[in-house]
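Colleague: Let me begin by handing over the structure; questions about it come next.
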Amino acid sequence: MRTDRRPPRDGLARSHGAGSPDPDSRDAVSRDAVPSVALAVTLAAGGAAAWVLGEHLLSAPLRVLGGLLVAATAVPIVLAVVGGHRRRVIALAVAVAAALATTGIPALMHRPGPVRGTEIDGLAPLGPDDQAVSVPRASSAGTATTSGSSAGSASGPSAILVRRADGAAQLVAPDGSSVTDLGAAAGDVAALTADARYVVVVHDGATRIAPVDDPGSARTVHGRPIAVVEDVLVVRACADSLCEERGIDLSAEPPTGSGADADGDPLWAVDVDPGAPAAASEGEPLTPGAPGRPVEDVGRATGMLPAAIVRPATGQGWFWVDPATGFWEGRLIAPDDAACTAVAPASFDDAGRTAPVLGVCTAADGAVTVSAHAGGAPLWESDPSPAGELAVRAERGRVLAAGPLADGTETQLVLTEARAAWTVPGGGRLAGDGPYAAQLGLDGAVTVYVTADGEAFAADIATGATIWDTRVGDDAAPLRGSLEHGTAVLIDDAPRTSALAPAAARRLRVVTDDGRESVRQDAVRAPTDVRPVADGRALVVDGDRVVLVGP
């Protein structure tokens, strides 16, 4: 049987060369891409949903899941598009890179670091009984002389005096760039002057005084300090049951010599009774019935020296003393009575005028009456406070009182130059906001409260006007804060604006007395301790670091 082998006709049969794709193979690839694309679309949709829901609910697990699902869409797409035996490695590498881009890097970007500021080298963390003393800029801008001009001034923010519980003391530069050990020990008194221009250390009956910007150039004067008025240091020195007060001109060239000769010629010298007390200092608690303070305790409680001289006259009472002559002048401030005392100011108003000298008298029933004087002339006199057992202190020429009244009711009262009557600090704002979660502080200018619904505000104690207010969250329980030296510090939970932001982050805010927020930053953990410092600054203890924050 013959088999007819004919060549195929052109167009009926085709041969496939090495460079021509196989239709069956191409169809197979297309069929493999369909489920890969479907899987990628499913992963992307699920990831997007989890991403959006996680951000809406601020849920970190949902947000991370969404990012990983979105990153996983790269795997089926790469497997479908890339050929070769390494396509699985390539797909895995692309997925990891996408996961880092969608989850890892954003998480790192939202994680706050430690507290930012000037880390102070050479300053150990402050203990609970240590003090940080500073002076608001209005007080450090200089003092008004009798002619109305301004005496020398400390430009910019004041230095910071750190007083340790064991008696040691260090002076920190205003910008935190240096720390000077003042050589103080237990029993010594370290203090700033009211204008922040000088720092003093009282040791063994002698006063060592130096400019704050050059603490190494100290001079030592025999006697204990009573006050520093402009450039006049007033000291009291006793020997052989005789005492005198002397005015030392700090602007004059210090003499050379040793012992008492190193004091030089004083501006004036006045004999005083050996047992004569010193006036109480602004800022320290006033004990009802206490006539004054021992000279050894001037500046001990507050770390500030008075800016006016007040001296008792035996059998008469307390009088203002002219710093140019050392003699009494003006009207009686407070009578020579066990129930009355005088308070020497250690602050200034915005115009550079020294705060008034106060006469404080307590009646038998505990009612407190106050009179204010400037340059020996009376300014105003208050009505008696309600009777009770009130703890009283003076700040910035105002008087703050707290304690139980005669009927047992706990109260807080303030007395200012605005009116003769004692009032509740905060005025009408307190009456309108209902219960309060906390009071962060009260000084001679403002009171700071936190309402039960999580709003912090500062109110002028004289007018009751709100100076500033801010939200601290829906729950005020985690709030920490304080008010000192005209600066308020608020620490609360940092608001989470992203699901990847850590839940434990804390927010630090520092607010000046005029309502300016000088510091706002989030930290990875709560500071160990925060001390407000004048002019919108704060010393922050973060572990073993001490950081100065603020301008």
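Labeling convention for the structure tokens: chains A, B, ... as they appear, residues from 1 per chain, ligands from 1 in order of appearance.
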As a list in words, please: the residues near Ala50 of chain A (cut-off 7 Å, only C-alpha atoms, same-chain neighbours under 5 positions excluded).
Modeller: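 Once the nearby chain positions are removed, what remains is Leu62, Arg63, Leu65 and Gly66 of chain A.
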Colleague: Can you tell me which residues surround Pro35 of chain A at a distance of at most 10 Å, considering only C-alpha atoms, apart from same-chain residues fewer than 6 positions away, and format the answer as a VMD selection string?
Modeller: chain A and resid 41 76 80
Colleague: Give me a file of those residues, with C-alpha atoms, as a short mmCIF file (atom, residue, chain, number, x, y, z; two decimals), in the first residue's frame.
Modeller:
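Final file, result-v1.cif:
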```cif
data_model
loop_
_atom_site.label_atom_id
_atom_site.label_comp_id
_atom_site.auth_asym_id
_atom_site.auth_seq_id
_atom_site.Cartn_x
_atom_site.Cartn_y
_atom_site.Cartn_z
CA VAL A 41 -6.91 42.85 45.47
CA PRO A 76 1.24 37.63 44.57
CA ALA A 80 2.73 36.72 38.79
#
```
Colleague: Might you pull out every residue within 8 Å of Trp268 of chain A, with only C-alpha atoms counted and same-chain residues fewer than 5 positions away left off, and present them as a ChimeraX atom specification?
Modeller: /A:246-248,324-326
Colleague: With only C-alpha atoms as the counted atoms, please give the residues lying no more than 8 Å from Pro274 of chain A, apart from itself and same-chain residues fewer than 2 positions off, as a PDB file with all heavy atoms, in the first residue's frame.
Modeller:
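Writing done, so here's part.pdb:
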```pdb
ATOM      1  N   CYS A 238      27.417  91.476 115.619  1.00  0.00           N
ATOM      2  CA  CYS A 238      27.371  91.591 117.080  1.00  0.00           C
ATOM      3  C   CYS A 238      28.711  91.164 117.670  1.00  0.00           C
ATOM      4  O   CYS A 238      29.356  90.229 117.173  1.00  0.00           O
ATOM      5  CB  CYS A 238      26.260  90.718 117.657  1.00  0.00           C
ATOM      6  SG  CYS A 238      24.593  91.200 117.128  1.00  0.00           S
ATOM      7  N   SER A 241      28.064  91.577 123.243  1.00  0.00           N
ATOM      8  CA  SER A 241      26.676  91.984 123.562  1.00  0.00           C
ATOM      9  C   SER A 241      26.297  93.328 122.955  1.00  0.00           C
ATOM     10  O   SER A 241      25.316  93.952 123.368  1.00  0.00           O
ATOM     11  CB  SER A 241      26.460  92.024 125.082  1.00  0.00           C
ATOM     12  OG  SER A 241      27.144  93.122 125.674  1.00  0.00           O
ATOM     13  N   LEU A 242      27.067  93.803 121.993  1.00  0.00           N
ATOM     14  CA  LEU A 242      26.730  95.011 121.255  1.00  0.00           C
ATOM     15  C   LEU A 242      26.510  94.649 119.789  1.00  0.00           C
ATOM     16  O   LEU A 242      27.278  93.873 119.206  1.00  0.00           O
ATOM     17  CB  LEU A 242      27.844  96.055 121.372  1.00  0.00           C
ATOM     18  CG  LEU A 242      28.146  96.574 122.785  1.00  0.00           C
ATOM     19  CD1 LEU A 242      29.329  97.530 122.737  1.00  0.00           C
ATOM     20  CD2 LEU A 242      26.926  97.260 123.393  1.00  0.00           C
ATOM     21  N   CYS A 243      25.463  95.200 119.200  1.00  0.00           N
ATOM     22  CA  CYS A 243      25.154  94.906 117.796  1.00  0.00           C
ATOM     23  C   CYS A 243      24.968  96.212 117.026  1.00  0.00           C
ATOM     24  O   CYS A 243      24.516  97.218 117.584  1.00  0.00           O
ATOM     25  CB  CYS A 243      23.875  94.069 117.684  1.00  0.00           C
ATOM     26  SG  CYS A 243      23.979  92.425 118.418  1.00  0.00           S
ATOM     27  N   VAL A 272      21.890  98.643 117.301  1.00  0.00           N
ATOM     28  CA  VAL A 272      20.588  97.991 117.476  1.00  0.00           C
ATOM     29  C   VAL A 272      20.641  97.120 118.712  1.00  0.00           C
ATOM     30  O   VAL A 272      21.724  96.716 119.176  1.00  0.00           O
ATOM     31  CB  VAL A 272      20.203  97.150 116.241  1.00  0.00           C
ATOM     32  CG1 VAL A 272      20.048  98.026 115.012  1.00  0.00           C
ATOM     33  CG2 VAL A 272      21.238  96.060 115.979  1.00  0.00           C
ATOM     34  N   ALA A 276      17.073  92.176 119.002  1.00  0.00           N
ATOM     35  CA  ALA A 276      16.073  92.666 118.054  1.00  0.00           C
ATOM     36  C   ALA A 276      15.875  91.654 116.928  1.00  0.00           C
ATOM     37  O   ALA A 276      16.839  91.229 116.294  1.00  0.00           O
ATOM     38  CB  ALA A 276      16.503  94.008 117.488  1.00  0.00           C
TER      39      ALA A 276
END
```
Colleague: Using backbone DSSP assignments, extract all strand (DSSP E or B) residues from segment 249-369 of chain A; output them as number ranges by chain.
Modeller: A: 249, 268-272, 278, 280-281, 286, 293, 304, 309-313, 317-321, 328-335, 340-344, 348, 354, 357-362, 368-369
Colleague: Got a sec: who's within 9 Å of Leu123 of chain A, counting only C-alpha atoms, leaving out chain neighbours fewer than 5 positions off, as a compact mmCIF listing (two decimals) with N, CA, C and O atoms, in the first residue's frame?
Modeller:
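Contents of result-v8.txt, as written:
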```txt
# COMPACT_ATOMS: atom_id res chain seq x y z
N GLN A 170 24.32 75.21 94.73
CA GLN A 170 24.95 75.37 93.42
C GLN A 170 24.21 76.45 92.67
O GLN A 170 22.98 76.59 92.78
N VAL A 172 23.28 77.75 88.96
CA VAL A 172 23.18 77.33 87.56
C VAL A 172 23.01 78.57 86.69
O VAL A 172 22.17 79.44 86.98
N VAL A 179 27.64 75.30 85.98
CA VAL A 179 27.19 75.08 87.35
C VAL A 179 28.36 75.44 88.27
O VAL A 179 29.48 74.96 88.07
N ARG A 545 19.43 62.35 84.43
CA ARG A 545 19.68 63.59 83.71
C ARG A 545 18.89 64.73 84.35
O ARG A 545 17.78 64.54 84.81
N VAL A 546 19.48 65.94 84.34
CA VAL A 546 18.76 67.15 84.70
C VAL A 546 18.77 68.05 83.47
O VAL A 546 19.84 68.43 82.97
```
Colleague: Atom CA of Val450 of chain A to atom CA of Asp349 of chain A: how many Å, to one decimal?
Modeller: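 These atoms are spaced 27.2 Å apart.
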Colleague: Could you give me, as a PyMOL selection string, the residues within 6 Å of segment 88-96 of chain A, counting only C-alpha atoms and dropping anything in the same chain fewer than 6 positions from it?
Modeller: chain A and resi 71-72+74-75+78
Colleague: From the DSSP assignment of the backbone, select every residue of segment 206-450 of chain A that is helix (DSSP H, G or I), and format the answer as a PDB file with N, CA and C atoms, in the first residue's frame.
Modeller:
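See states_5.pdb below for the written result:
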```
ATOM      1  N   GLY A 259      39.868  90.128 107.913  1.00  0.00           N
ATOM      2  CA  GLY A 259      39.052  90.319 109.086  1.00  0.00           C
ATOM      3  C   GLY A 259      38.079  91.462 108.885  1.00  0.00           C
ATOM      4  N   ALA A 260      37.806  92.222 109.973  1.00  0.00           N
ATOM      5  CA  ALA A 260      36.833  93.302 109.912  1.00  0.00           C
ATOM      6  C   ALA A 260      37.290  94.410 108.981  1.00  0.00           C
ATOM      7  N   ASP A 261      38.607  94.584 108.793  1.00  0.00           N
ATOM      8  CA  ASP A 261      39.106  95.647 107.921  1.00  0.00           C
ATOM      9  C   ASP A 261      38.680  95.432 106.478  1.00  0.00           C
ATOM     10  N   ALA A 262      38.382  94.177 106.112  1.00  0.00           N
ATOM     11  CA  ALA A 262      37.979  93.893 104.740  1.00  0.00           C
ATOM     12  C   ALA A 262      36.602  94.463 104.420  1.00  0.00           C
ATOM     13  N   ASP A 263      35.817  94.860 105.446  1.00  0.00           N
ATOM     14  CA  ASP A 263      34.505  95.436 105.194  1.00  0.00           C
ATOM     15  C   ASP A 263      34.621  96.831 104.594  1.00  0.00           C
ATOM     16  N   VAL A 295      17.763  86.768 113.305  1.00  0.00           N
ATOM     17  CA  VAL A 295      18.574  87.238 112.177  1.00  0.00           C
ATOM     18  C   VAL A 295      19.227  86.064 111.455  1.00  0.00           C
ATOM     19  N   GLU A 296      19.539  85.018 112.194  1.00  0.00           N
ATOM     20  CA  GLU A 296      20.187  83.846 111.586  1.00  0.00           C
ATOM     21  C   GLU A 296      19.309  83.167 110.534  1.00  0.00           C
ATOM     22  N   ASP A 297      17.991  83.432 110.574  1.00  0.00           N
ATOM     23  CA  ASP A 297      17.074  82.742 109.658  1.00  0.00           C
ATOM     24  C   ASP A 297      16.680  83.576 108.454  1.00  0.00           C
ATOM     25  N   GLY A 428     -15.134  84.947  90.228  1.00  0.00           N
ATOM     26  CA  GLY A 428     -16.357  84.345  89.713  1.00  0.00           C
ATOM     27  C   GLY A 428     -16.139  83.065  88.945  1.00  0.00           C
ATOM     28  N   ARG A 429     -14.943  82.849  88.399  1.00  0.00           N
ATOM     29  CA  ARG A 429     -14.696  81.619  87.626  1.00  0.00           C
ATOM     30  C   ARG A 429     -14.886  80.399  88.513  1.00  0.00           C
ATOM     31  N   LEU A 430     -14.505  80.494  89.769  1.00  0.00           N
ATOM     32  CA  LEU A 430     -14.649  79.356  90.670  1.00  0.00           C
ATOM     33  C   LEU A 430     -16.109  79.055  90.946  1.00  0.00           C
ATOM     34  N   ALA A 431     -16.918  80.090  91.036  1.00  0.00           N
ATOM     35  CA  ALA A 431     -18.324  79.882  91.351  1.00  0.00           C
ATOM     36  C   ALA A 431     -19.075  79.228  90.202  1.00  0.00           C
ATOM     37  N   GLY A 432     -18.556  79.352  88.980  1.00  0.00           N
ATOM     38  CA  GLY A 432     -19.310  78.872  87.844  1.00  0.00           C
ATOM     39  C   GLY A 432     -18.937  77.506  87.322  1.00  0.00           C
TER      40      GLY A 432
END
```
Colleague: Which one of A:Val270, A:Ala406, A:Leu182, A:Val189 sits closest to Ala364 of chain A if you count only C-alpha atoms?
Modeller: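 Closest residue, counting only C-alpha atoms: A:Ala406.
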Colleague: From the set A:Leu415, A:Ala40, A:Leu233, A:Met304, which residue has the shortest atom-to-atom contact distance to Leu161 of chain A, counting only C-alpha atoms?
Modeller: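 Closest candidate: A:Met304.
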Colleague: Can you work out which one of A:Ile226, A:Val414, A:Val52, A:Ala44 has the shortest atom-to-atom distance to Ile77 of chain A, counting only C-alpha atoms?
Modeller: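 Closest candidate: A:Ala44.
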Colleague: Kindly give the distance, in Å, that separates atom CA of Leu79 of chain A and atom CA of Val34 of chain A, rounded to a single decimal.
Modeller: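 One can read the atom CA of Leu79 of chain A to atom CA of Val34 of chain A distance as 11.7 Å.
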